[in-house]
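Chemist: For reference, the file upload.txt (compact mmCIF, C-alpha atoms) is included below:
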# COMPACT_ATOMS: atom_id res chain seq x y z
CA MET A 119 15.13 104.90 94.03
CA PRO A 120 12.09 106.35 95.82
CA PHE A 121 9.63 103.80 97.13
CA GLU A 122 6.46 103.47 99.13
CA PRO A 123 6.28 100.69 101.73
CA TRP A 124 3.59 98.09 101.18
CA THR A 125 0.56 98.09 103.43
CA VAL A 126 0.03 95.03 105.64
CA LEU A 127 -3.71 94.27 105.60
CA SER A 128 -3.62 91.21 107.82
CA GLU A 129 -1.08 88.88 109.33
CA GLU A 130 -1.07 85.41 110.75
CA GLN A 131 1.85 83.92 112.64
CA HIS A 132 2.31 80.25 111.83
CA TYR A 133 5.42 79.26 113.74
CA GLU A 134 7.99 80.71 116.08
CA ASN A 135 10.92 79.31 117.97
CA ARG A 136 14.35 80.65 118.90
CA TRP A 137 15.60 80.30 115.33
CA VAL A 138 12.79 81.42 113.03
CA ARG A 139 9.44 83.20 112.92
CA VAL A 140 7.07 82.39 110.06
CA ARG A 141 4.26 84.76 109.15
CA ALA A 142 1.78 84.94 106.29
CA GLN A 143 0.66 88.44 105.39
CA ARG A 144 -1.96 89.87 103.08
CA VAL A 145 -0.35 93.02 101.65
CA ARG A 146 -1.41 95.85 99.37
CA LEU A 147 1.13 97.22 96.91
CA PRO A 148 1.27 100.94 96.04
CA ASN A 149 -0.54 100.12 92.77
CA GLY A 150 -3.49 98.72 94.72
CA VAL A 151 -2.79 95.07 93.93
CA GLU A 152 -3.21 92.70 96.89
CA TYR A 153 -0.89 89.82 97.43
CA ASP A 154 -0.09 86.99 99.86
CA TYR A 155 3.41 87.30 101.26
CA THR A 156 5.31 84.76 103.37
CA LEU A 157 7.93 86.06 105.80
CA VAL A 158 10.54 83.86 107.43
CA ASP A 159 12.42 86.08 109.87
CA ARG A 160 15.28 85.30 112.22
CA PRO A 161 15.22 86.94 115.65
CA ALA A 162 19.00 87.20 115.84
CA GLN A 163 21.33 88.41 113.12
CA GLY A 164 24.63 86.72 112.25
CA VAL A 165 28.32 87.53 112.20
CA ALA A 166 31.12 85.79 110.34
CA VAL A 167 34.89 86.16 110.16
CA MET A 168 37.23 85.95 107.18
CA LEU A 169 40.51 85.36 109.06
CA PHE A 170 43.77 85.46 107.12
CA ASP A 171 47.12 84.36 108.48
CA ASN A 172 50.44 85.97 107.64
CA GLU A 173 50.78 83.81 104.53
CA GLU A 174 47.47 85.04 103.06
CA ARG A 175 45.71 81.81 103.88
CA LEU A 176 42.03 81.91 104.87
CA LEU A 177 40.66 79.93 107.82
CA LEU A 178 37.83 77.62 106.73
CA GLU A 179 35.75 75.08 108.64
CA GLN A 180 34.35 71.89 107.25
CA GLU A 181 31.10 71.02 108.98
CA TYR A 182 28.36 68.50 108.34
CA ARG A 183 25.09 70.40 107.85
CA HIS A 184 22.04 68.32 108.50
CA ALA A 185 19.71 70.65 106.56
CA VAL A 186 21.48 69.83 103.29
CA GLN A 187 22.98 66.50 104.37
CA GLN A 188 26.47 67.33 103.25
CA VAL A 189 29.77 68.62 104.55
CA VAL A 190 30.00 72.35 103.86
CA TRP A 191 33.03 74.68 103.82
CA GLN A 192 32.26 77.67 106.01
CA VAL A 193 33.96 80.46 107.93
CA PRO A 194 33.72 80.91 111.71
CA GLY A 195 30.59 82.71 112.78
CA GLY A 196 27.34 82.57 114.64
CA LEU A 197 24.53 84.69 115.97
CA ILE A 198 24.83 88.06 117.68
CA ASN A 199 23.70 87.86 121.29
CA GLU A 200 21.12 90.46 122.22
CA SER A 201 22.66 93.87 122.97
CA GLU A 202 26.16 92.57 122.18
CA PRO A 203 28.23 94.72 119.79
CA PRO A 204 28.72 92.68 116.57
CA LEU A 205 32.51 92.84 116.81
CA VAL A 206 32.33 91.25 120.27
CA SER A 207 30.14 88.47 118.84
CA ALA A 208 32.57 87.96 115.98
CA LYS A 209 35.57 87.69 118.32
CA ARG A 210 33.67 85.32 120.60
CA GLU A 211 32.58 83.04 117.75
CA LEU A 212 36.06 82.99 116.24
CA LEU A 213 37.64 82.08 119.57
CA GLU A 214 35.06 79.41 120.40
CA GLU A 215 35.18 77.76 117.00
CA SER A 216 38.88 78.04 116.21
CA GLY A 217 40.80 78.93 119.34
CA TYR A 218 42.18 82.03 117.57
CA GLU A 219 42.20 85.70 118.44
CA ALA A 220 43.27 88.31 115.90
CA ASP A 221 44.92 91.71 116.19
CA GLU A 222 43.41 93.44 113.14
CA TRP A 223 39.68 93.69 112.50
CA LEU A 224 37.75 95.42 109.73
CA GLU A 225 34.00 95.36 109.14
CA ILE A 226 33.54 94.63 105.43
CA GLY A 227 29.77 94.56 104.98
CA SER A 228 26.57 92.67 105.56
CA PHE A 229 24.11 90.79 103.39
CA TYR A 230 20.67 89.19 103.57
CA ASP A 231 20.26 85.43 103.15
CA ASN A 232 17.20 86.21 101.02
CA PRO A 233 15.74 89.72 101.06
CA GLY A 234 12.66 88.37 99.25
CA LEU A 235 11.83 86.10 102.17
CA GLY A 236 12.99 87.51 105.49
CA ASN A 237 15.36 89.64 107.53
CA ALA A 238 18.10 87.07 108.21
CA SER A 239 21.42 88.83 107.68
CA SER A 240 25.08 88.40 108.46
CA LEU A 241 27.71 91.02 109.15
CA LEU A 242 31.19 90.10 107.92
CA PHE A 243 34.56 90.99 109.37
CA LEU A 244 38.00 90.69 107.84
CA ALA A 245 40.54 89.72 110.51
CA ARG A 246 44.32 89.46 110.28
CA LEU A 247 47.30 88.70 112.52
CA PRO A 248 45.86 85.62 114.24
CA ARG A 249 47.17 84.25 117.53
CA ARG A 250 46.28 80.76 118.70
CA VAL A 251 45.22 81.13 122.32
CA SER A 252 43.24 77.95 123.06
CA GLU A 253 41.86 74.77 121.59
CA SER A 254 38.68 75.17 119.60
CA ALA A 255 35.61 74.35 121.66
CA TRP A 256 34.10 71.94 119.13
CA ASP A 257 33.13 68.58 120.41
CA GLU A 258 34.95 66.06 118.20
CA ALA A 259 31.67 64.37 117.39
CA GLU A 260 30.35 67.60 115.93
CA ALA A 261 32.68 66.75 113.09
CA VAL A 262 34.09 70.19 112.41
CA GLU A 263 37.56 70.46 110.89
CA LEU A 264 39.64 73.63 110.61
CA HIS A 265 41.79 74.26 107.52
CA TRP A 266 44.01 77.12 106.39
CA VAL A 267 43.57 77.40 102.61
CA THR A 268 45.45 79.45 100.06
CA LEU A 269 43.69 81.84 97.71
CA SER A 270 44.68 79.69 94.75
CA TRP A 271 43.15 76.61 96.41
CA LEU A 272 40.04 78.68 97.13
CA ARG A 273 39.74 79.88 93.52
CA GLU A 274 39.90 76.31 92.29
CA ALA A 275 37.50 75.03 94.95
CA VAL A 276 34.94 77.68 93.94
CA GLN A 277 35.38 76.71 90.29
CA ARG A 278 34.90 73.04 91.16
CA GLY A 279 31.63 73.96 92.89
CA GLU A 280 32.89 72.91 96.32
CA ILE A 281 32.22 76.24 98.05
CA VAL A 282 28.46 76.43 98.45
CA ASP A 283 27.91 78.64 101.49
CA ARG A 284 26.71 82.16 100.71
CA VAL A 285 28.81 83.59 103.55
CA VAL A 286 32.12 82.41 102.12
CA LEU A 287 31.19 83.40 98.55
CA SER A 288 29.77 86.79 99.57
CA GLY A 289 32.84 87.41 101.71
CA LEU A 290 35.03 86.79 98.66
CA GLY A 291 32.88 89.27 96.71
CA MET A 292 33.37 91.87 99.44
CA LEU A 293 37.12 91.26 99.61
CA TRP A 294 37.35 91.56 95.81
CA ALA A 295 35.51 94.90 96.00
CA ARG A 296 38.06 96.18 98.52
CA GLY A 297 41.05 94.98 96.54
CA GLU A 298 42.00 92.69 99.43
CA ILE A 299 42.21 89.61 97.18
CA MET B 86 35.80 64.75 105.20
CA PRO B 87 33.95 61.53 105.99
CA PHE B 88 30.64 61.95 107.76
CA GLU B 89 27.68 60.04 109.07
CA PRO B 90 24.21 61.50 108.42
CA TRP B 91 22.21 62.36 111.50
CA THR B 92 19.26 60.18 112.46
CA VAL B 93 15.81 61.77 112.37
CA LEU B 94 13.93 60.48 115.42
CA SER B 95 10.71 62.40 114.88
CA GLU B 96 9.42 65.18 112.71
CA GLU B 97 6.55 67.61 112.82
CA GLN B 98 5.55 69.79 109.90
CA HIS B 99 4.46 73.25 111.06
CA TYR B 100 3.79 75.14 107.85
CA GLU B 101 3.81 74.63 104.11
CA ASN B 102 2.85 76.75 101.14
CA ARG B 103 4.24 77.15 97.64
CA TRP B 104 7.27 79.08 98.92
CA VAL B 105 8.42 77.36 102.10
CA ARG B 106 8.07 74.24 104.21
CA VAL B 107 8.84 74.44 107.93
CA ARG B 108 9.60 71.32 109.93
CA ALA B 109 10.84 70.68 113.45
CA GLN B 110 12.87 67.51 113.87
CA ARG B 111 14.28 65.64 116.81
CA VAL B 112 17.63 64.32 115.59
CA ARG B 113 20.37 62.10 116.95
CA LEU B 114 23.97 62.97 116.13
CA PRO B 115 26.61 60.29 115.53
CA ASN B 116 27.91 60.93 119.07
CA GLY B 117 24.51 60.00 120.50
CA VAL B 118 23.51 63.54 121.46
CA GLU B 119 19.89 64.40 120.68
CA TYR B 120 18.96 67.80 119.39
CA ASP B 121 15.98 69.83 118.12
CA TYR B 122 16.50 71.01 114.55
CA THR B 123 14.38 73.46 112.58
CA LEU B 124 14.29 73.08 108.80
CA VAL B 125 12.99 75.76 106.46
CA ASP B 126 13.06 74.27 102.97
CA ARG B 127 12.04 75.74 99.63
CA PRO B 128 10.28 73.39 97.20
CA ALA B 129 11.80 75.09 94.14
CA GLN B 130 15.43 76.04 93.67
CA GLY B 131 16.55 79.34 92.16
CA VAL B 132 18.52 80.60 89.19
CA ALA B 133 20.17 83.96 88.66
CA VAL B 134 22.03 85.65 85.83
CA MET B 135 25.14 87.85 85.91
CA LEU B 136 24.75 89.50 82.47
CA PHE B 137 27.59 91.64 81.15
CA ASP B 138 27.37 93.89 78.11
CA ASN B 139 30.19 94.52 75.64
CA GLU B 140 31.57 97.31 77.85
CA GLU B 141 31.96 94.99 80.87
CA ARG B 142 28.94 96.50 82.62
CA LEU B 143 26.75 94.25 84.78
CA LEU B 144 22.95 94.34 84.59
CA LEU B 145 21.43 95.06 88.01
CA GLU B 146 17.85 95.52 89.14
CA GLN B 147 16.67 97.79 91.91
CA GLU B 148 13.61 96.35 93.56
CA TYR B 149 11.66 97.16 96.71
CA ARG B 150 11.67 94.08 98.94
CA HIS B 151 8.86 94.01 101.44
CA ALA B 152 10.56 91.45 103.70
CA VAL B 153 13.34 93.92 104.54
CA GLN B 154 11.43 97.13 103.69
CA GLN B 155 14.13 98.52 101.50
CA VAL B 156 15.16 98.83 97.88
CA VAL B 157 17.69 96.11 97.07
CA TRP B 158 20.16 95.79 94.18
CA GLN B 159 19.72 92.35 92.63
CA VAL B 160 20.40 90.43 89.44
CA PRO B 161 17.69 88.90 87.24
CA GLY B 162 16.53 85.53 88.46
CA GLY B 163 13.73 83.46 89.85
CA LEU B 164 12.68 79.92 90.58
CA ILE B 165 13.24 76.87 88.41
CA ASN B 166 9.94 75.46 87.15
CA GLU B 167 9.51 71.77 87.85
CA SER B 168 11.33 69.58 85.30
CA GLU B 169 12.69 72.65 83.50
CA PRO B 170 16.44 72.63 82.77
CA PRO B 171 18.01 75.42 84.87
CA LEU B 172 19.48 77.17 81.82
CA VAL B 173 15.98 77.42 80.34
CA SER B 174 14.73 78.95 83.61
CA ALA B 175 17.62 81.40 83.62
CA LYS B 176 16.95 82.51 80.04
CA ARG B 177 13.22 82.84 80.77
CA GLU B 178 13.75 84.92 83.90
CA LEU B 179 16.30 87.16 82.20
CA LEU B 180 13.96 87.81 79.27
CA GLU B 181 10.91 88.42 81.47
CA GLU B 182 12.68 90.76 83.85
CA SER B 183 14.93 92.64 81.48
CA GLY B 184 13.81 92.08 77.88
CA TYR B 185 17.30 90.73 77.07
CA GLU B 186 18.53 87.53 75.51
CA ALA B 187 22.22 86.65 75.51
CA ASP B 188 24.42 84.66 73.16
CA GLU B 189 27.01 83.33 75.62
CA TRP B 190 26.09 81.36 78.74
CA LEU B 191 28.29 79.72 81.37
CA GLU B 192 27.19 78.01 84.58
CA ILE B 193 29.42 79.39 87.33
CA GLY B 194 28.18 77.64 90.48
CA SER B 195 25.46 77.36 93.06
CA PHE B 196 25.13 78.22 96.72
CA TYR B 197 22.77 77.71 99.66
CA ASP B 198 20.98 80.67 101.25
CA ASN B 199 21.75 79.06 104.61
CA PRO B 200 22.93 75.44 104.72
CA GLY B 201 22.34 75.46 108.48
CA LEU B 202 18.63 76.05 108.01
CA GLY B 203 17.33 74.60 104.75
CA ASN B 204 17.83 73.52 101.18
CA ALA B 205 17.12 76.84 99.40
CA SER B 206 19.78 77.25 96.73
CA SER B 207 20.47 79.27 93.62
CA LEU B 208 22.37 78.29 90.50
CA LEU B 209 24.24 81.17 88.87
CA PHE B 210 24.98 81.78 85.21
CA LEU B 211 27.39 84.21 83.63
CA ALA B 212 25.90 85.58 80.39
CA ARG B 213 27.50 87.79 77.76
CA LEU B 214 26.62 89.34 74.38
CA PRO B 215 23.15 90.63 75.30
CA ARG B 216 20.51 91.53 72.71
CA ARG B 217 17.46 93.58 73.65
CA VAL B 218 14.48 91.74 72.19
CA SER B 219 11.49 93.09 74.13
CA GLU B 220 10.43 95.37 76.92
CA SER B 221 10.79 93.95 80.40
CA ALA B 222 7.57 92.47 81.72
CA TRP B 223 7.60 94.39 85.01
CA ASP B 224 4.52 96.28 85.91
CA GLU B 225 5.67 99.86 86.54
CA ALA B 226 4.06 99.80 89.97
CA GLU B 227 6.27 96.88 90.93
CA ALA B 228 8.96 99.53 91.11
CA VAL B 229 11.80 97.62 89.50
CA GLU B 230 14.49 99.59 87.70
CA LEU B 231 17.20 98.17 85.44
CA HIS B 232 20.72 99.62 85.49
CA TRP B 233 23.95 98.73 83.71
CA VAL B 234 26.76 99.31 86.20
CA THR B 235 30.51 99.33 85.73
CA LEU B 236 32.81 97.14 87.79
CA SER B 237 34.33 100.22 89.41
CA TRP B 238 30.86 101.46 90.43
CA LEU B 239 30.13 97.99 91.77
CA ARG B 240 33.33 97.83 93.83
CA GLU B 241 32.50 101.16 95.42
CA ALA B 242 28.85 100.24 96.00
CA VAL B 243 29.93 97.05 97.80
CA GLN B 244 32.37 99.07 99.91
CA ARG B 245 29.62 101.56 100.77
CA GLY B 246 27.47 98.65 101.94
CA GLU B 247 24.83 99.20 99.25
CA ILE B 248 24.98 95.68 97.80
CA VAL B 249 23.23 93.47 100.35
CA ASP B 250 21.85 90.57 98.33
CA ARG B 251 23.76 87.31 98.74
CA VAL B 252 23.20 86.45 95.07
CA VAL B 253 25.05 89.51 93.75
CA LEU B 254 27.86 89.20 96.31
CA SER B 255 28.25 85.43 95.84
CA GLY B 256 28.21 85.92 92.07
CA LEU B 257 31.09 88.38 92.42
CA GLY B 258 32.95 85.81 94.50
CA MET B 259 32.43 83.20 91.79
CA LEU B 260 33.53 85.58 89.04
CA TRP B 261 36.65 86.50 91.04
CA ALA B 262 37.46 82.78 91.40
CA ARG B 263 37.27 82.36 87.61
CA GLY B 264 39.36 85.44 86.90
CA GLU B 265 36.40 86.99 85.09
CA ILE B 266 36.58 90.20 87.12
Any chance you could give the structure as structure tokens?

Modeler:
Amino acid sequence: MPFEPWTVLSEEQHYENRWVRVRAQRVRLPNGVEYDYTLVDRPAQGVAVMLFDNEERLLLEQEYRHAVQQVVWQVPGGLINESEPPLVSAKRELLEESGYEADEWLEIGSFYDNPGLGNASSLLFLARLPRRVSESAWDEAEAVELHWVTLSWLREAVQRGEIVDRVVLSGLGMLWARGEI
Amino acid sequence: MPFEPWTVLSEEQHYENRWVRVRAQRVRLPNGVEYDYTLVDRPAQGVAVMLFDNEERLLLEQEYRHAVQQVVWQVPGGLINESEPPLVSAKRELLEESGYEADEWLEIGSFYDNPGLGNASSLLFLARLPRRVSESAWDEAEAVELHWVTLSWLREAVQRGEIVDRVVLSGLGMLWARGEI
């Protein structure tokens, strides 16, 4: 679909730290309409890993997330360090969080957390053939638990509404598209 | 997994408008460690609709999104008006954006845009048996196009990296979990 970028008439930055940058813009659409637009950008983009073992079980983490005050099922991941190739970030995050390396890696896609609001995105990798090489680097008090879950458990957990992180759900959508699950 | 909520020691609000609220908190974890936490919350939660026609085609929208300066494939959806039942919001958004009503509705789950950052969430519905009852209410200059796409097109589009919205991808994950696709 052809498109014409919107014109930014003015911009005010309201907040910035290492995690987010919040700007309010006055923009003009191609049809001449003017509009106030709020942008919440993230300086660094994310990576995440869908790691399967040899029995087709997926590695999940249970972590307490303060922002939603609940324990959330997630996959290993984190932010890409500046100038670091995403696959290197993915391997680093997997190792730090789980103590696993993996012999097979495939980039399966990326998505925006909310393309109507900002640029925050995550790049997903499918990994297979895991090898445990160290303990995970979580402090016990961070209250993160690792679990290998079967696809049938995962199907039922999604149906019960227990999988609420967009990374895990989007990863399942990508794996479905590739015929991997 | 049992958990203990973190203690908020202090909080400063940095920005608020009708779309977002940005707060910086000083928090204490159960292990005693103190930490700075940034929260980007959304006052209203979202709904979205995966609408299939009688030939198992999904209704997608192509829309230019200023925040990422690209045209994004999405599904109809929007924000839940205060005190409005989510299904009512979903039906309203579908009708406004597409001109369709649907005879079969099923709630299939909800997810957070980023549970590490804020409370923004979307509740997804699967809808079937569409009836065209009006024109969509998009202004032409908003540059939104409606398309019915087959599942095989969708699989390939995901593999090509053309589906980048977490709602569409998470919806596919939910539909996979239910054996609907």

Chemist: Least-squares fit on all C-alpha atoms, paired in order: put chain B onto chain A and return it as a compact mmCIF listing (two decimals) with C-alpha atoms, keeping the file's coordinate frame.

Modeler:
# COMPACT_ATOMS: atom_id res chain seq x y z
CA MET B 86 15.13 104.88 94.00
CA PRO B 87 12.12 106.33 95.81
CA PHE B 88 9.65 103.80 97.14
CA GLU B 89 6.47 103.46 99.12
CA PRO B 90 6.30 100.67 101.73
CA TRP B 91 3.60 98.10 101.16
CA THR B 92 0.56 98.09 103.42
CA VAL B 93 0.04 95.04 105.64
CA LEU B 94 -3.70 94.28 105.59
CA SER B 95 -3.61 91.22 107.82
CA GLU B 96 -1.07 88.90 109.32
CA GLU B 97 -1.07 85.42 110.75
CA GLN B 98 1.84 83.94 112.64
CA HIS B 99 2.30 80.25 111.82
CA TYR B 100 5.42 79.25 113.72
CA GLU B 101 7.99 80.71 116.07
CA ASN B 102 10.93 79.31 117.98
CA ARG B 103 14.34 80.67 118.90
CA TRP B 104 15.61 80.31 115.32
CA VAL B 105 12.79 81.42 113.04
CA ARG B 106 9.45 83.19 112.90
CA VAL B 107 7.06 82.40 110.05
CA ARG B 108 4.26 84.77 109.15
CA ALA B 109 1.78 84.96 106.29
CA GLN B 110 0.66 88.46 105.38
CA ARG B 111 -1.95 89.89 103.08
CA VAL B 112 -0.34 93.02 101.64
CA ARG B 113 -1.39 95.86 99.38
CA LEU B 114 1.14 97.23 96.91
CA PRO B 115 1.29 100.93 96.01
CA ASN B 116 -0.52 100.10 92.75
CA GLY B 117 -3.46 98.71 94.72
CA VAL B 118 -2.77 95.06 93.92
CA GLU B 119 -3.22 92.71 96.88
CA TYR B 120 -0.87 89.83 97.42
CA ASP B 121 -0.09 87.00 99.86
CA TYR B 122 3.43 87.29 101.27
CA THR B 123 5.31 84.76 103.37
CA LEU B 124 7.93 86.06 105.79
CA VAL B 125 10.54 83.86 107.43
CA ASP B 126 12.44 86.07 109.87
CA ARG B 127 15.30 85.28 112.22
CA PRO B 128 15.20 86.95 115.64
CA ALA B 129 19.01 87.20 115.85
CA GLN B 130 21.33 88.42 113.13
CA GLY B 131 24.62 86.73 112.28
CA VAL B 132 28.32 87.54 112.21
CA ALA B 133 31.12 85.81 110.36
CA VAL B 134 34.88 86.18 110.17
CA MET B 135 37.22 85.97 107.17
CA LEU B 136 40.50 85.37 109.06
CA PHE B 137 43.76 85.46 107.11
CA ASP B 138 47.12 84.36 108.47
CA ASN B 139 50.46 85.98 107.64
CA GLU B 140 50.79 83.81 104.51
CA GLU B 141 47.47 85.07 103.06
CA ARG B 142 45.70 81.80 103.88
CA LEU B 143 42.02 81.91 104.87
CA LEU B 144 40.66 79.93 107.82
CA LEU B 145 37.83 77.62 106.73
CA GLU B 146 35.76 75.10 108.64
CA GLN B 147 34.35 71.88 107.25
CA GLU B 148 31.12 71.02 108.97
CA TYR B 149 28.37 68.49 108.35
CA ARG B 150 25.10 70.38 107.86
CA HIS B 151 22.04 68.31 108.51
CA ALA B 152 19.71 70.64 106.59
CA VAL B 153 21.48 69.83 103.31
CA GLN B 154 22.99 66.47 104.37
CA GLN B 155 26.46 67.34 103.26
CA VAL B 156 29.77 68.61 104.55
CA VAL B 157 30.01 72.35 103.87
CA TRP B 158 33.03 74.68 103.82
CA GLN B 159 32.25 77.67 106.02
CA VAL B 160 33.95 80.46 107.94
CA PRO B 161 33.72 80.91 111.71
CA GLY B 162 30.59 82.72 112.79
CA GLY B 163 27.34 82.58 114.64
CA LEU B 164 24.54 84.71 115.98
CA ILE B 165 24.83 88.07 117.69
CA ASN B 166 23.71 87.87 121.32
CA GLU B 167 21.11 90.45 122.24
CA SER B 168 22.65 93.87 122.99
CA GLU B 169 26.14 92.57 122.19
CA PRO B 170 28.21 94.72 119.80
CA PRO B 171 28.70 92.68 116.60
CA LEU B 172 32.50 92.86 116.82
CA VAL B 173 32.32 91.26 120.27
CA SER B 174 30.13 88.47 118.85
CA ALA B 175 32.56 87.97 115.99
CA LYS B 176 35.56 87.71 118.32
CA ARG B 177 33.66 85.32 120.61
CA GLU B 178 32.58 83.04 117.77
CA LEU B 179 36.06 83.00 116.24
CA LEU B 180 37.65 82.08 119.57
CA GLU B 181 35.06 79.41 120.40
CA GLU B 182 35.19 77.76 117.00
CA SER B 183 38.86 78.05 116.20
CA GLY B 184 40.83 78.92 119.34
CA TYR B 185 42.17 82.03 117.56
CA GLU B 186 42.21 85.70 118.44
CA ALA B 187 43.26 88.31 115.90
CA ASP B 188 44.90 91.70 116.19
CA GLU B 189 43.42 93.44 113.13
CA TRP B 190 39.68 93.70 112.51
CA LEU B 191 37.74 95.44 109.74
CA GLU B 192 34.00 95.38 109.13
CA ILE B 193 33.54 94.64 105.43
CA GLY B 194 29.76 94.56 104.97
CA SER B 195 26.56 92.68 105.56
CA PHE B 196 24.10 90.80 103.39
CA TYR B 197 20.66 89.19 103.56
CA ASP B 198 20.26 85.42 103.15
CA ASN B 199 17.21 86.20 101.01
CA PRO B 200 15.74 89.72 101.05
CA GLY B 201 12.68 88.36 99.26
CA LEU B 202 11.82 86.10 102.17
CA GLY B 203 13.00 87.51 105.49
CA ASN B 204 15.35 89.63 107.54
CA ALA B 205 18.11 87.06 108.22
CA SER B 206 21.42 88.83 107.69
CA SER B 207 25.08 88.40 108.47
CA LEU B 208 27.71 91.04 109.16
CA LEU B 209 31.18 90.11 107.93
CA PHE B 210 34.56 91.01 109.38
CA LEU B 211 37.98 90.71 107.83
CA ALA B 212 40.52 89.72 110.51
CA ARG B 213 44.30 89.48 110.26
CA LEU B 214 47.29 88.70 112.51
CA PRO B 215 45.84 85.61 114.23
CA ARG B 216 47.18 84.24 117.51
CA ARG B 217 46.29 80.75 118.69
CA VAL B 218 45.23 81.11 122.32
CA SER B 219 43.24 77.94 123.04
CA GLU B 220 41.87 74.78 121.55
CA SER B 221 38.66 75.15 119.60
CA ALA B 222 35.59 74.34 121.65
CA TRP B 223 34.11 71.88 119.14
CA ASP B 224 33.15 68.52 120.41
CA GLU B 225 34.99 66.03 118.18
CA ALA B 226 31.71 64.30 117.37
CA GLU B 227 30.39 67.54 115.93
CA ALA B 228 32.71 66.73 113.07
CA VAL B 229 34.10 70.18 112.41
CA GLU B 230 37.57 70.46 110.91
CA LEU B 231 39.65 73.63 110.60
CA HIS B 232 41.79 74.25 107.52
CA TRP B 233 43.99 77.13 106.38
CA VAL B 234 43.56 77.41 102.62
CA THR B 235 45.45 79.45 100.06
CA LEU B 236 43.71 81.85 97.71
CA SER B 237 44.69 79.68 94.75
CA TRP B 238 43.14 76.61 96.41
CA LEU B 239 40.05 78.68 97.12
CA ARG B 240 39.72 79.89 93.53
CA GLU B 241 39.89 76.32 92.29
CA ALA B 242 37.49 75.03 94.95
CA VAL B 243 34.93 77.68 93.94
CA GLN B 244 35.38 76.71 90.29
CA ARG B 245 34.89 73.04 91.16
CA GLY B 246 31.63 73.97 92.89
CA GLU B 247 32.87 72.91 96.33
CA ILE B 248 32.21 76.24 98.05
CA VAL B 249 28.44 76.44 98.46
CA ASP B 250 27.91 78.64 101.51
CA ARG B 251 26.70 82.15 100.72
CA VAL B 252 28.80 83.58 103.57
CA VAL B 253 32.12 82.41 102.11
CA LEU B 254 31.18 83.40 98.55
CA SER B 255 29.75 86.79 99.58
CA GLY B 256 32.83 87.41 101.72
CA LEU B 257 35.01 86.80 98.66
CA GLY B 258 32.87 89.27 96.72
CA MET B 259 33.36 91.87 99.45
CA LEU B 260 37.11 91.26 99.60
CA TRP B 261 37.35 91.57 95.80
CA ALA B 262 35.49 94.90 96.00
CA ARG B 263 38.06 96.19 98.52
CA GLY B 264 41.03 94.96 96.52
CA GLU B 265 41.98 92.68 99.40
CA ILE B 266 42.18 89.61 97.17

Chemist: So, with all atoms listed in the file as the atoms that count, which of B:Pro115, B:Gly194, B:Pro128, B:Pro170 lies closest to Glu101 of chain B?

Modeler: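 Checking each of B:Pro115, B:Gly194, B:Pro128, B:Pro170 against Glu101 of chain B, counting all atoms listed in the file, the winner is B:Pro128.
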
Chemist: Taking all atoms listed in the file into account, name the residue in B:Val249, B:Arg142, B:Ala133, B:His151 that is nearest to Arg146 of chain A.

Modeler: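 Smallest separation from Arg146 of chain A among the options: B:His151.
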
Chemist: Measure the distance from atom CA of Pro215 of chain B to atom CA of Asp188 of chain B in Å and round it to one decimal.

Modeler: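 A separation of 6.5 Å between them.
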
Chemist: Give me the box for segment 225-234 of chain A as JSON, namely the centre and edge lengths in Å to one decimal of a box along x, y and z that holds every listed atom plus 5 Å on each side.

Modeler:
{"center_x": 23.3, "center_y": 90.4, "center_z": 104.2, "size_x": 31.3, "size_y": 19.9, "size_z": 19.9}

Chemist: Measuring between only C-alpha atoms, which one of B:Gln98, B:Ser183, B:Gln110, B:Ser219 shows the shortest distance to Val134 of chain B?

Modeler: B:Ser183

Chemist: In terms of the shortest atom-to-atom distance over all atoms listed in the file, which of B:Gln130, B:Ser221, B:Ser95, B:Thr235 is closest to Ser168 of chain B?

Modeler: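 Among the listed residues, the smallest separation from Ser168 of chain B belongs to B:Gln130.
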
Chemist: When you draw a straight line from atom CA of Leu169 of chain A to atom CA of Asn199 of chain A, how long is it in Å?

Modeler: 20.9 Å

Chemist: I'd like the contact shell of Val132 of chain B - 9 Å cut-off, all atoms listed in the file, skipping same-chain residues fewer than 6 positions apart - returned as an MDAnalysis selection string.

Modeler: chainID B and resid 161:165 171:172 174:175 178 195 206:210

Chemist: Please report the interatomic distance between atom CA of Ala162 of chain A and atom CA of Glu219 of chain A in Å with one decimal.

Modeler: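 These two atoms are separated by 23.4 Å.
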
Chemist: Closest to Trp233 of chain B among B:Glu141, B:Glu96, B:Glu182, B:Glu169, using only C-alpha atoms?

Modeler: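 Of the candidates, the smallest distance to Trp233 of chain B is held by B:Glu141.
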